[in-house]
file start-v7.cif (mmCIF, C-alpha atoms and all ligand atoms; chains and numbers go by the auth columns)
data_start
loop_
_atom_site.group_PDB
_atom_site.id
_atom_site.type_symbol
_atom_site.label_atom_id
_atom_site.label_comp_id
_atom_site.label_asym_id
_atom_site.label_seq_id
_atom_site.Cartn_x
_atom_site.Cartn_y
_atom_site.Cartn_z
_atom_site.B_iso_or_equiv
_atom_site.auth_seq_id
_atom_site.auth_asym_id
ATOM 1 C CA MET A 1 0.000 0.000 0.000 0.00 1 A
ATOM 2 C CA PHE A 2 2.859 2.346 0.834 0.00 2 A
ATOM 3 C CA LYS A 3 5.249 0.910 -1.751 0.00 3 A
ATOM 4 C CA LYS A 4 5.510 4.149 -3.673 0.00 4 A
ATOM 5 C CA PHE A 5 7.134 5.641 -0.595 0.00 5 A
ATOM 6 C CA TYR A 6 9.693 2.868 -0.156 0.00 6 A
ATOM 7 C CA PRO A 7 13.244 3.815 -1.019 0.00 7 A
ATOM 8 C CA ASP A 8 15.098 1.327 -3.200 0.00 8 A
ATOM 9 C CA TYR A 9 18.077 1.617 -0.889 0.00 9 A
ATOM 10 C CA LYS A 10 18.603 3.162 2.519 0.00 10 A
ATOM 11 C CA PHE A 11 21.849 4.273 4.130 0.00 11 A
ATOM 12 C CA SER A 12 22.700 6.252 7.263 0.00 12 A
ATOM 13 C CA ARG A 13 24.499 8.961 5.321 0.00 13 A
ATOM 14 C CA THR A 14 25.917 9.651 1.894 0.00 14 A
ATOM 15 C CA ALA A 15 29.394 8.564 3.018 0.00 15 A
ATOM 16 C CA ASP A 16 27.963 5.071 3.570 0.00 16 A
ATOM 17 C CA ILE A 17 26.748 4.630 -0.005 0.00 17 A
ATOM 18 C CA PRO A 18 29.361 2.275 -1.419 0.00 18 A
ATOM 19 C CA ASP A 19 30.976 2.770 -4.809 0.00 19 A
ATOM 20 C CA SER A 20 29.473 -0.580 -5.769 0.00 20 A
ATOM 21 C CA PHE A 21 25.974 0.882 -5.484 0.00 21 A
ATOM 22 C CA PHE A 22 26.730 3.125 -8.453 0.00 22 A
ATOM 23 C CA THR A 23 28.697 0.597 -10.489 0.00 23 A
ATOM 24 C CA ASP A 24 26.387 -2.393 -9.857 0.00 24 A
ATOM 25 C CA ASN A 25 23.272 -0.380 -10.751 0.00 25 A
ATOM 26 C CA ASN A 26 24.957 1.278 -13.724 0.00 26 A
ATOM 27 C CA ILE A 27 24.218 4.728 -12.257 0.00 27 A
ATOM 28 C CA ARG A 28 25.682 7.578 -14.318 0.00 28 A
ATOM 29 C CA PHE A 29 23.559 10.471 -13.045 0.00 29 A
ATOM 30 C CA ALA A 30 22.440 11.670 -9.623 0.00 30 A
ATOM 31 C CA VAL A 31 19.738 14.104 -8.599 0.00 31 A
ATOM 32 C CA LEU A 32 20.837 15.387 -5.197 0.00 32 A
ATOM 33 C CA ASP A 33 18.826 16.853 -2.375 0.00 33 A
ATOM 34 C CA ILE A 34 20.846 19.323 -0.292 0.00 34 A
ATOM 35 C CA ASP A 35 19.182 19.991 3.062 0.00 35 A
ATOM 36 C CA ASN A 36 19.817 17.254 5.620 0.00 36 A
ATOM 37 C CA THR A 37 21.159 15.017 2.868 0.00 37 A
ATOM 38 C CA LEU A 38 24.481 16.625 1.940 0.00 38 A
ATOM 39 C CA VAL A 39 24.675 19.127 4.793 0.00 39 A
ATOM 40 C CA PRO A 40 22.575 19.868 7.874 0.00 40 A
ATOM 41 C CA TYR A 41 19.582 22.056 7.188 0.00 41 A
ATOM 42 C CA THR A 42 21.203 24.938 9.073 0.00 42 A
ATOM 43 C CA SER A 43 24.565 24.768 7.268 0.00 43 A
ATOM 44 C CA PRO A 44 24.632 27.253 4.415 0.00 44 A
ATOM 45 C CA LEU A 45 27.869 25.972 2.918 0.00 45 A
ATOM 46 C CA PRO A 46 29.199 22.553 1.885 0.00 46 A
ATOM 47 C CA ASP A 47 31.381 20.877 4.506 0.00 47 A
ATOM 48 C CA GLU A 48 34.177 18.330 4.101 0.00 48 A
ATOM 49 C CA GLU A 49 31.811 15.351 4.104 0.00 49 A
ATOM 50 C CA ALA A 50 29.679 16.864 1.352 0.00 50 A
ATOM 51 C CA ARG A 51 32.721 17.780 -0.698 0.00 51 A
ATOM 52 C CA SER A 52 34.268 14.366 -0.433 0.00 52 A
ATOM 53 C CA PHE A 53 30.993 12.678 -1.453 0.00 53 A
ATOM 54 C CA LEU A 54 30.711 14.916 -4.515 0.00 54 A
ATOM 55 C CA GLN A 55 34.363 14.248 -5.323 0.00 55 A
ATOM 56 C CA ARG A 56 33.672 10.527 -5.098 0.00 56 A
ATOM 57 C CA LEU A 57 30.744 10.848 -7.514 0.00 57 A
ATOM 58 C CA LYS A 58 33.024 12.650 -9.944 0.00 58 A
ATOM 59 C CA SER A 59 35.697 10.007 -9.658 0.00 59 A
ATOM 60 C CA LEU A 60 33.045 7.362 -10.398 0.00 60 A
ATOM 61 C CA GLY A 61 31.967 9.288 -13.483 0.00 61 A
ATOM 62 C CA VAL A 62 28.558 10.131 -11.992 0.00 62 A
ATOM 63 C CA LYS A 63 27.243 13.510 -13.131 0.00 63 A
ATOM 64 C CA TYR A 64 24.972 15.297 -10.682 0.00 64 A
ATOM 65 C CA CYS A 65 22.492 18.114 -10.364 0.00 65 A
ATOM 66 C CA PHE A 66 21.209 19.602 -7.116 0.00 66 A
ATOM 67 C CA VAL A 67 17.420 19.648 -6.933 0.00 67 A
ATOM 68 C CA SER A 68 16.155 21.351 -3.785 0.00 68 A
ATOM 69 C CA ASN A 69 12.799 22.533 -2.562 0.00 69 A
ATOM 70 C CA ASN A 70 14.593 25.340 -0.746 0.00 70 A
ATOM 71 C CA ASP A 71 14.798 28.841 -2.183 0.00 71 A
ATOM 72 C CA GLU A 72 17.211 30.179 -4.792 0.00 72 A
ATOM 73 C CA GLU A 73 19.283 32.110 -2.255 0.00 73 A
ATOM 74 C CA ARG A 74 20.150 29.032 -0.184 0.00 74 A
ATOM 75 C CA VAL A 75 20.798 26.768 -3.123 0.00 75 A
ATOM 76 C CA LYS A 76 22.874 29.281 -5.077 0.00 76 A
ATOM 77 C CA LEU A 77 25.067 30.079 -2.069 0.00 77 A
ATOM 78 C CA PHE A 78 25.749 26.375 -1.575 0.00 78 A
ATOM 79 C CA CYS A 79 26.488 25.759 -5.246 0.00 79 A
ATOM 80 C CA ASP A 80 28.577 28.909 -5.730 0.00 80 A
ATOM 81 C CA ASP A 81 30.857 27.790 -2.932 0.00 81 A
ATOM 82 C CA LEU A 82 31.386 24.512 -4.796 0.00 82 A
ATOM 83 C CA GLY A 83 31.817 26.284 -8.109 0.00 83 A
ATOM 84 C CA GLU A 84 28.837 24.307 -9.435 0.00 84 A
ATOM 85 C CA SER A 85 26.130 25.751 -11.623 0.00 85 A
ATOM 86 C CA GLU A 86 23.846 22.754 -12.134 0.00 86 A
ATOM 87 C CA TYR A 87 21.016 23.220 -9.703 0.00 87 A
ATOM 88 C CA ILE A 88 17.279 23.705 -9.494 0.00 88 A
ATOM 89 C CA ALA A 89 15.791 25.562 -6.509 0.00 89 A
ATOM 90 C CA LYS A 90 12.132 25.609 -5.457 0.00 90 A
ATOM 91 C CA ALA A 91 11.860 22.249 -7.152 0.00 91 A
ATOM 92 C CA GLY A 92 8.431 21.380 -5.787 0.00 92 A
ATOM 93 C CA LYS A 93 9.325 17.758 -5.015 0.00 93 A
ATOM 94 C CA PRO A 94 7.515 15.332 -4.958 0.00 94 A
ATOM 95 C CA PHE A 95 6.260 16.674 -8.263 0.00 95 A
ATOM 96 C CA ALA A 96 8.471 15.143 -10.900 0.00 96 A
ATOM 97 C CA ARG A 97 8.633 18.100 -13.274 0.00 97 A
ATOM 98 C CA LYS A 98 11.867 19.651 -11.979 0.00 98 A
ATOM 99 C CA ILE A 99 13.459 16.266 -11.351 0.00 99 A
ATOM 100 C CA LYS A 100 12.804 15.449 -14.996 0.00 100 A
ATOM 101 C CA ARG A 101 14.157 18.836 -16.019 0.00 101 A
ATOM 102 C CA ALA A 102 17.409 18.117 -14.154 0.00 102 A
ATOM 103 C CA MET A 103 17.617 14.742 -15.894 0.00 103 A
ATOM 104 C CA TRP A 104 17.025 16.328 -19.267 0.00 104 A
ATOM 105 C CA ARG A 105 19.744 18.914 -18.624 0.00 105 A
ATOM 106 C CA MET A 106 22.238 16.204 -17.733 0.00 106 A
ATOM 107 C CA GLY A 107 21.205 13.938 -20.579 0.00 107 A
ATOM 108 C CA ALA A 108 20.151 11.276 -18.098 0.00 108 A
ATOM 109 C CA GLU A 109 17.894 8.274 -18.638 0.00 109 A
ATOM 110 C CA LYS A 110 15.510 6.793 -16.083 0.00 110 A
ATOM 111 C CA SER A 111 17.517 3.596 -16.064 0.00 111 A
ATOM 112 C CA ASN A 112 20.837 5.183 -15.084 0.00 112 A
ATOM 113 C CA THR A 113 19.716 7.865 -12.620 0.00 113 A
ATOM 114 C CA VAL A 114 19.312 7.919 -8.849 0.00 114 A
ATOM 115 C CA LEU A 115 17.780 10.496 -6.558 0.00 115 A
ATOM 116 C CA ILE A 116 19.443 10.784 -3.160 0.00 116 A
ATOM 117 C CA GLY A 117 17.475 12.494 -0.396 0.00 117 A
ATOM 118 C CA ASP A 118 16.408 12.317 3.228 0.00 118 A
ATOM 119 C CA GLN A 119 12.631 12.598 3.023 0.00 119 A
ATOM 120 C CA VAL A 120 9.995 10.043 2.146 0.00 120 A
ATOM 121 C CA PHE A 121 7.224 12.344 0.976 0.00 121 A
ATOM 122 C CA THR A 122 9.349 14.660 -1.147 0.00 122 A
ATOM 123 C CA ASP A 123 12.508 12.826 -2.220 0.00 123 A
ATOM 124 C CA VAL A 124 11.545 9.163 -2.335 0.00 124 A
ATOM 125 C CA TYR A 125 8.054 9.777 -3.686 0.00 125 A
ATOM 126 C CA GLY A 126 9.455 12.314 -6.177 0.00 126 A
ATOM 127 C CA ALA A 127 11.970 9.769 -7.450 0.00 127 A
ATOM 128 C CA LYS A 128 9.202 7.179 -7.872 0.00 128 A
ATOM 129 C CA ARG A 129 7.087 9.626 -9.808 0.00 129 A
ATOM 130 C CA ALA A 130 10.043 10.428 -12.054 0.00 130 A
ATOM 131 C CA GLY A 131 10.606 6.693 -12.541 0.00 131 A
ATOM 132 C CA ILE A 132 14.122 6.628 -11.114 0.00 132 A
ATOM 133 C CA LEU A 133 15.912 4.810 -8.303 0.00 133 A
ATOM 134 C CA ALA A 134 15.451 6.309 -4.818 0.00 134 A
ATOM 135 C CA VAL A 135 18.169 6.285 -2.168 0.00 135 A
ATOM 136 C CA MET A 136 17.202 7.545 1.252 0.00 136 A
ATOM 137 C CA VAL A 137 19.649 8.675 3.909 0.00 137 A
ATOM 138 C CA ASP A 138 18.910 9.560 7.511 0.00 138 A
ATOM 139 C CA PRO A 139 18.420 13.300 7.932 0.00 139 A
ATOM 140 C CA LEU A 140 21.655 14.883 9.186 0.00 140 A
ATOM 141 C CA GLU A 141 19.800 17.062 11.646 0.00 141 A
ATOM 142 C CA ALA A 142 16.342 16.727 13.111 0.00 142 A
ATOM 143 C CA LYS A 143 14.368 19.929 12.857 0.00 143 A
ATOM 144 C CA GLU A 144 12.339 20.252 16.024 0.00 144 A
ATOM 145 C CA THR A 145 9.176 21.912 14.832 0.00 145 A
ATOM 146 C CA PRO A 146 5.730 20.405 15.376 0.00 146 A
ATOM 147 C CA PHE A 147 5.130 19.987 11.640 0.00 147 A
ATOM 148 C CA PHE A 148 8.492 18.351 11.052 0.00 148 A
ATOM 149 C CA GLY A 149 7.946 16.013 13.976 0.00 149 A
ATOM 150 C CA LEU A 150 4.576 15.011 12.552 0.00 150 A
ATOM 151 C CA LYS A 151 6.106 14.340 9.149 0.00 151 A
ATOM 152 C CA ARG A 152 8.757 12.086 10.688 0.00 152 A
ATOM 153 C CA LYS A 153 6.037 10.208 12.564 0.00 153 A
ATOM 154 C CA MET A 154 4.136 9.683 9.341 0.00 154 A
ATOM 155 C CA GLU A 155 7.322 8.515 7.619 0.00 155 A
ATOM 156 C CA LYS A 156 7.747 5.926 10.369 0.00 156 A
ATOM 157 C CA ILE A 157 4.210 4.653 9.828 0.00 157 A
ATOM 158 C CA VAL A 158 4.662 4.491 6.066 0.00 158 A
ATOM 159 C CA LEU A 159 8.023 2.697 6.333 0.00 159 A
ATOM 160 C CA LYS A 160 6.926 0.327 9.098 0.00 160 A
ATOM 161 C CA ASN A 161 6.957 -2.726 6.846 0.00 161 A
ATOM 162 C CA TYR A 162 9.843 -1.549 4.675 0.00 162 A
ATOM 163 C CA LYS A 163 12.781 -3.945 4.610 0.00 163 A
ATOM 164 C CA PRO A 164 16.042 -2.502 3.371 0.00 164 A
ATOM 165 C CA GLN A 165 17.869 -4.678 0.852 0.00 165 A
HETATM 166 MG MG MG B . 16.245 17.238 2.488 0.00 201 A
#

call {"tool": "encode", "arguments": {"input": "start-v7.cif", "output": "structure tokens", "more": "lines below"}}
Ligand SMILES: [Mg+2]
result
Amino acid sequence: MFKKFYPDYKFSRTADIPDSFFTDNNIRFAVLDIDNTLVPYTSPLPDEEARSFLQRLKSLGVKYCFVSNNDEERVKLFCDDLGESEYIAKAGKPFARKIKRAMWRMGAEKSNTVLIGDQVFTDVYGAKRAGILAVMVDPLEAKETPFFGLKRKMEKIVLKNYKPQ
């Protein structure tokens, strides 16, 4: 019933995604969430862990595009610091339109693209709607607002019967 919310793979953090995930699944393109996936929600700039993950993607020949629901200011600041220009802000995930746009820009196919994010209802569901593989990581930082807490509770309910592979 909740299958459309199930990630294809789940890891604690991006550093734990093994190289073999990309090679075994023939992944050449990655759509990347930023907040709580690459850096904590409150960190405006990429840190060492984020940089080394992106460096690893490059060394594996995986092209990437940042696709964030956050606003232009946040996303641009993050990307400028990396010297990267491939990003889409205010992406409206889980709607697939901007995810597909990112894929089109990179020349990606459904079969060789992954979305990596920390949220079930935006990232995982968005990836499913776009027809691509979904990798979920644990959020780097829990945001303690009532709405966020409720969302996490709902994620737990939805993923109750989910078995990671
Ligand atoms: Mg996020």

call {"tool": "residues_near_ligand", "arguments": {"input": "start-v7.cif", "ligand": "ligand MG 201 (chain A)", "cutoff": "10 Å", "atoms": "all atoms listed in the file", "output": "ChimeraX atom specification"}}
result
/A:32-41,67-70,116-120,122-123,136-141

call {"tool": "closest_residue", "arguments": {"input": "start-v7.cif", "among": "A:Phe22, A:Trp104, A:Tyr9, A:Phe147", "to": "Lys58 of chain A", "atoms": "all atoms listed in the file"}}
result
A:Phe22

call {"tool": "closest_residue", "arguments": {"input": "start-v7.cif", "among": "A:Ile88, A:Met1, A:Cys65, A:Leu57", "to": "Met106 of chain A", "atoms": "only C-alpha atoms"}}
result
A:Cys65

call {"tool": "resolve_selection", "arguments": {"input": "start-v7.cif", "expression": "the PyMOL selection byres (((chain A and resi 6) around 9) and not hetatm)", "output": "list in words"}}
result
Phe2, Lys3, Lys4, Phe5, Pro7, Asp8, Tyr9, Val120, Val124, Tyr125, Lys128, Ala134, Met136, Val158, Leu159, Tyr162 and Lys163 of chain A

call {"tool": "atom_distance", "arguments": {"input": "start-v7.cif", "atom1": "atom CA of Met103 of chain A", "atom2": "atom CA of Phe148 of chain A"}}
result
28.7 Å

call {"tool": "atom_distance", "arguments": {"input": "start-v7.cif", "atom1": "atom CA of Arg28 of chain A", "atom2": "atom CA of Tyr64 of chain A"}}
result
8.6 Å

call {"tool": "residues_around", "arguments": {"input": "start-v7.cif", "residues": "Glu84 of chain A", "least_positions_apart": "2", "cutoff": "12 Å", "atoms": "all atoms listed in the file", "output": "ChimeraX atom specification"}}
result
/A:46,51,54,63-66,75-82,86-88

call {"tool": "resolve_selection", "arguments": {"input": "start-v7.cif", "expression": "the PyMOL selection byres (((chain A and resi 25) around 10) and not hetatm)", "output": "PyMOL selection string"}}
result
chain A and resi 20-24+26-28+111-114+133

call {"tool": "atom_distance", "arguments": {"input": "start-v7.cif", "atom1": "atom CA of Gly126 of chain A", "atom2": "atom CA of Glu72 of chain A"}}
result
19.5 Å

call {"tool": "residues_near_point", "arguments": {"input": "start-v7.cif", "point": "(14.2, 20.7, -10.4)", "cutoff": "6 Å", "atoms": "only C-alpha atoms", "output": "number ranges by chain"}}
result
A: 67, 88, 91, 98-99, 101-102

call {"tool": "closest_residue", "arguments": {"input": "start-v7.cif", "among": "A:Gly131, A:Glu73, A:Asn161, A:Ala30", "to": "Leu115 of chain A", "atoms": "only C-alpha atoms"}}
result
A:Ala30

call {"tool": "axis_aligned_box", "arguments": {"input": "start-v7.cif", "around": "segment 19-28 of chain A", "padding_each_side": "6 Å", "output": "lines of an AutoDock Vina configuration file"}}
result
center_x = 27.1
center_y = 2.6
center_z = -9.6
size_x = 19.7
size_y = 22.0
size_z = 21.5

call {"tool": "closest_residue", "arguments": {"input": "start-v7.cif", "among": "A:Val135, A:Ala15, A:Ser85, A:Phe53", "to": "Arg105 of chain A", "atoms": "all atoms listed in the file"}}
result
A:Ser85

call {"tool": "build_atoms", "arguments": {"input": "start-v7.cif", "residues": "segment 103-137 of chain A", "atoms": "N, CA and C atoms", "output": "short mmCIF file (atom, residue, chain, number, x, y, z; two decimals), in the coordinates of the input"}}
result
data_model
loop_
_atom_site.label_atom_id
_atom_site.label_comp_id
_atom_site.auth_asym_id
_atom_site.auth_seq_id
_atom_site.Cartn_x
_atom_site.Cartn_y
_atom_site.Cartn_z
N MET A 103 17.17 15.91 -15.13
CA MET A 103 17.62 14.74 -15.89
C MET A 103 17.83 15.11 -17.36
N TRP A 104 16.92 15.90 -17.87
CA TRP A 104 17.02 16.33 -19.27
C TRP A 104 18.29 17.17 -19.48
N ARG A 105 18.55 18.07 -18.54
CA ARG A 105 19.74 18.91 -18.62
C ARG A 105 21.03 18.09 -18.62
N MET A 106 21.02 17.03 -17.83
CA MET A 106 22.24 16.20 -17.73
C MET A 106 22.33 15.18 -18.85
N GLY A 107 21.24 14.99 -19.56
CA GLY A 107 21.20 13.94 -20.58
C GLY A 107 21.03 12.56 -19.97
N ALA A 108 20.31 12.53 -18.85
CA ALA A 108 20.15 11.28 -18.10
C ALA A 108 18.96 10.47 -18.60
N GLU A 109 19.02 9.17 -18.37
CA GLU A 109 17.89 8.27 -18.64
C GLU A 109 17.35 7.77 -17.31
N LYS A 110 16.08 7.34 -17.32
CA LYS A 110 15.51 6.79 -16.08
C LYS A 110 16.35 5.63 -15.54
N SER A 111 16.84 4.83 -16.46
CA SER A 111 17.52 3.60 -16.06
C SER A 111 18.89 3.81 -15.44
N ASN A 112 19.48 5.00 -15.64
CA ASN A 112 20.84 5.18 -15.08
C ASN A 112 20.92 6.38 -14.12
N THR A 113 19.77 6.70 -13.50
CA THR A 113 19.72 7.86 -12.62
C THR A 113 19.19 7.49 -11.24
N VAL A 114 19.78 8.10 -10.22
CA VAL A 114 19.31 7.92 -8.85
C VAL A 114 18.98 9.29 -8.26
N LEU A 115 18.00 9.31 -7.38
CA LEU A 115 17.78 10.50 -6.56
C LEU A 115 18.20 10.14 -5.13
N ILE A 116 19.00 11.01 -4.53
CA ILE A 116 19.44 10.78 -3.16
C ILE A 116 18.89 11.89 -2.27
N GLY A 117 18.10 11.50 -1.26
CA GLY A 117 17.48 12.49 -0.40
C GLY A 117 17.14 11.91 0.96
N ASP A 118 16.65 12.76 1.84
CA ASP A 118 16.41 12.32 3.23
C ASP A 118 14.93 12.22 3.58
N GLN A 119 14.04 12.58 2.66
CA GLN A 119 12.63 12.60 3.02
C GLN A 119 11.77 11.69 2.15
N VAL A 120 10.88 10.99 2.83
CA VAL A 120 9.99 10.04 2.15
C VAL A 120 9.02 10.75 1.21
N PHE A 121 8.35 11.77 1.73
CA PHE A 121 7.22 12.34 0.98
C PHE A 121 7.65 13.31 -0.12
N THR A 122 8.88 13.79 -0.07
CA THR A 122 9.35 14.66 -1.15
C THR A 122 10.34 13.92 -2.03
N ASP A 123 11.42 13.41 -1.43
CA ASP A 123 12.51 12.83 -2.22
C ASP A 123 12.17 11.44 -2.78
N VAL A 124 11.81 10.53 -1.88
CA VAL A 124 11.54 9.16 -2.34
C VAL A 124 10.34 9.14 -3.28
N TYR A 125 9.27 9.76 -2.86
CA TYR A 125 8.05 9.78 -3.69
C TYR A 125 8.31 10.50 -5.02
N GLY A 126 9.10 11.58 -4.95
CA GLY A 126 9.46 12.31 -6.18
C GLY A 126 10.23 11.44 -7.15
N ALA A 127 11.17 10.68 -6.61
CA ALA A 127 11.97 9.77 -7.45
C ALA A 127 11.07 8.73 -8.11
N LYS A 128 10.13 8.19 -7.33
CA LYS A 128 9.20 7.18 -7.87
C LYS A 128 8.37 7.77 -9.00
N ARG A 129 7.92 8.99 -8.77
CA ARG A 129 7.09 9.63 -9.81
C ARG A 129 7.88 9.90 -11.07
N ALA A 130 9.19 10.19 -10.89
CA ALA A 130 10.04 10.43 -12.05
C ALA A 130 10.52 9.11 -12.68
N GLY A 131 10.24 8.00 -12.01
CA GLY A 131 10.61 6.69 -12.54
C GLY A 131 12.06 6.33 -12.36
N ILE A 132 12.70 6.92 -11.33
CA ILE A 132 14.12 6.63 -11.11
C ILE A 132 14.34 5.99 -9.74
N LEU A 133 15.54 5.47 -9.56
CA LEU A 133 15.91 4.81 -8.30
C LEU A 133 15.94 5.83 -7.16
N ALA A 134 15.47 5.41 -5.98
CA ALA A 134 15.45 6.31 -4.82
C ALA A 134 16.37 5.77 -3.72
N VAL A 135 17.32 6.61 -3.33
CA VAL A 135 18.17 6.28 -2.17
C VAL A 135 17.81 7.25 -1.06
N MET A 136 17.53 6.69 0.11
CA MET A 136 17.20 7.54 1.25
C MET A 136 18.33 7.47 2.28
N VAL A 137 18.69 8.62 2.81
CA VAL A 137 19.65 8.68 3.91
C VAL A 137 18.94 9.24 5.14
#
